[in-house]
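Trainee: Submitted below is the structure of interest, expressed as structure tokens.
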Amino acid sequence: MSASVARIAIVSALLAFVAGMVFATFSELRVFLPALLNGAVVTLQVSALSIVVFIVASVLAGIGRTSGFWPLRWLCAIYVEIFRGTSLLVQLFWLFFVLPEFGIVLSPLFAGILAIGLNYGAYGAEIVRGALGSVPKGQIEAGVALNIPKGKRMVRIILPQAVLLMLPGMGNQTIELIKSTALVSAVTLVDITYASVLQNNIHYRTIEIFSITMLLYYILSQLVRFGVAALEAKASRFRALEF
């Protein structure tokens with residue numbers, strides 16, 4: 001009986017120690033958490049608008065890469081090669097610091113959105129191009145035989161099937177895009193990362209601040225992952241009903 005009481009006492013002491021450590025570590029959350037959440041709002045704003053640019057650029061450039069009109073095809077190829085072959089951070093600096101030399105001044109927010117969206121759009125264009133090329137040729141030929149206009153074939157036959165193929169890759173790129181928004185801190189935009197650095201310099205609570213920062217990025221990434229999974233399931237059901 002005494003041994004059982006001793007074990008309970010030891011376990012209780014250990015739990016109390018752990019609880020005390022957790023409380024001591026996170027007791028000042030109310031001091032810096034509002035600043036981190038304000039940074040999270042900026043990150044959400046940059047992410048959402050960059051995703052719009054990313055999707056539009058991916059689809060347009062991906063379709064352009066498959067175009068029979070060679071100037072458009074080459075223009076899209078040049079865009080893809082430039083943005084895939086250079087650093088995102090350098091592209092961000094170029095838009096924010098170099099363009100004013102030509103009289104074009106962009107806000108930190110707009111420069112960040114444009115750089116991130118166009119950079120990931122170049123990678124997304126290759127995903128879109130690959131998905132379009134994976135659509136069975138017989139269905140395209142059937143559309144031609146039925147005298148369906150080229151634009152209508154793309155919208156009604158090719159794209160609906162290509163979307164299901166491109167979703168996993170586009171989902172992965174979207175997650176990477178969200179994590180890359182941390183680079184906007186380099187042009188003075190106070191996102192989660194910049195807010196974390198500032199708060200750590202003020203309060204010196206490194207473990208709590210950067211643990212919460214990591215958790216916030218993880219939550220955003222998981223939201224995208226679950227959203228893409230739901231879209232894949234819905235697209236699969238739609239395709240099953242269609243065929």
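Each chain of the structure tokens is named A, B, ... in the order shown, its residues numbered from 1; ligands are numbered from 1 in display order.
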Compile the contact shell of Leu114 (chain A) as a PDB file with N, CA and C atoms, in the first residue's frame: residues with an atom at most 10 Å away, counting only C-alpha atoms, same-chain residues fewer than 5 positions apart removed.
Mentor:
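Writing done, so here's part_20.pdb:
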```
ATOM      1  N   VAL A  46      -2.025  38.414 -47.402  1.00  0.00           N
ATOM      2  CA  VAL A  46      -1.030  38.180 -48.445  1.00  0.00           C
ATOM      3  C   VAL A  46      -1.251  36.812 -49.092  1.00  0.00           C
ATOM      4  N   LEU A  49      -4.590  36.716 -51.404  1.00  0.00           N
ATOM      5  CA  LEU A  49      -4.457  37.449 -52.665  1.00  0.00           C
ATOM      6  C   LEU A  49      -3.370  36.834 -53.554  1.00  0.00           C
ATOM      7  N   SER A  50      -2.310  36.326 -52.939  1.00  0.00           N
ATOM      8  CA  SER A  50      -1.256  35.664 -53.725  1.00  0.00           C
ATOM      9  C   SER A  50      -1.782  34.392 -54.368  1.00  0.00           C
ATOM     10  N   VAL A  53      -3.605  35.318 -57.534  1.00  0.00           N
ATOM     11  CA  VAL A  53      -2.646  35.585 -58.622  1.00  0.00           C
ATOM     12  C   VAL A  53      -2.012  34.285 -59.101  1.00  0.00           C
ATOM     13  N   PHE A  54      -1.657  33.422 -58.162  1.00  0.00           N
ATOM     14  CA  PHE A  54      -1.044  32.126 -58.474  1.00  0.00           C
ATOM     15  C   PHE A  54      -1.948  31.279 -59.369  1.00  0.00           C
ATOM     16  N   GLN A  91      13.239  38.391 -56.726  1.00  0.00           N
ATOM     17  CA  GLN A  91      12.083  38.921 -57.464  1.00  0.00           C
ATOM     18  C   GLN A  91      11.324  39.939 -56.618  1.00  0.00           C
ATOM     19  N   LEU A  92      11.176  39.627 -55.331  1.00  0.00           N
ATOM     20  CA  LEU A  92      10.495  40.545 -54.416  1.00  0.00           C
ATOM     21  C   LEU A  92      11.274  41.853 -54.302  1.00  0.00           C
ATOM     22  N   LEU A  95      10.879  43.919 -57.564  1.00  0.00           N
ATOM     23  CA  LEU A  95       9.602  44.630 -57.680  1.00  0.00           C
ATOM     24  C   LEU A  95       9.518  45.814 -56.720  1.00  0.00           C
ATOM     25  N   LEU A 106       5.527  50.384 -55.968  1.00  0.00           N
ATOM     26  CA  LEU A 106       4.547  49.428 -55.452  1.00  0.00           C
ATOM     27  C   LEU A 106       4.589  49.435 -53.930  1.00  0.00           C
ATOM     28  N   PRO A 108       4.475  47.701 -50.201  1.00  0.00           N
ATOM     29  CA  PRO A 108       5.016  46.408 -49.755  1.00  0.00           C
ATOM     30  C   PRO A 108       4.017  45.268 -49.919  1.00  0.00           C
ATOM     31  N   LEU A 109       2.743  45.535 -49.638  1.00  0.00           N
ATOM     32  CA  LEU A 109       1.713  44.503 -49.759  1.00  0.00           C
ATOM     33  C   LEU A 109       1.559  44.052 -51.208  1.00  0.00           C
ATOM     34  N   ASN A 119       5.635  34.029 -58.950  1.00  0.00           N
ATOM     35  CA  ASN A 119       6.640  32.989 -58.785  1.00  0.00           C
ATOM     36  C   ASN A 119       6.002  31.601 -58.747  1.00  0.00           C
TER      37      ASN A 119
END
```
Trainee: Which residues, written as a list in words, have at least one atom at most 9 Å from Ala35 (chain A), with only C-alpha atoms counted and residues fewer than 4 positions away on the same chain left out?
Mentor: Val31, Gly39, Ala40, Ile192, Ala195, Ser196 and Gln199 of chain A
Trainee: Name the residues in contact with Phe210 (chain A) at a cut-off of 12 Å, using only C-alpha atoms, excluding same-chain residues fewer than 6 positions from it; report them as JSON, numbers by chain.
Mentor: {"A": [26, 29, 32, 33, 36, 192, 193, 194, 195, 196, 197, 198, 199, 200, 201, 204, 216, 217]}
Trainee: Would you list the contacts of region 126-138 of chain A as a count of residues only, taking every protein, DNA or RNA residue within 10 Å and counting only C-alpha atoms, but skipping same-chain residues closer than 3 positions in sequence?
Mentor: 35
Trainee: When DSSP works through the backbone of this structure, what residues of region 15-192 of chain A end up as alpha helix (DSSP H), shown as a VMD selection string?
Mentor: chain A and resid 15 to 26 29 to 65 70 to 85 88 to 93 108 to 134 137 to 145 150 to 153 159 to 180 192
Trainee: Just to confirm, what's the straight-line distance from CA of Val190 (chain A) to CA of Ile113 (chain A) in Å (one decimal)?
Mentor: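 CA of Val190 (chain A) sits 13.8 Å away from CA of Ile113 (chain A).
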Trainee: I'd like to know which of A:Leu215, A:Ala230, A:Ile202, A:Leu189 is closest to Gln45 (chain A), using only C-alpha atoms.
Mentor: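 Under the stated criterion, the closest residue is A:Leu189.
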Trainee: With distances taken over only C-alpha atoms, which of A:Ile207, A:Ala48, A:Val90, A:Leu99 is nearest to Thr181 (chain A)?
Mentor: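 Among the listed residues, the smallest separation from Thr181 (chain A) belongs to A:Ala48.
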Trainee: Report, in Å with one decimal, the straight-line distance from CA of Thr174 (chain A) to CA of Phe226 (chain A).
Mentor: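 Between these atoms lies a distance of 12.1 Å.
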Trainee: Work out how far apart CA of Ala125 (chain A) and CA of Val41 (chain A) are and give it in Å to one decimal.
Mentor: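 Taking CA of Ala125 (chain A) and CA of Val41 (chain A), their separation equals 28.2 Å.
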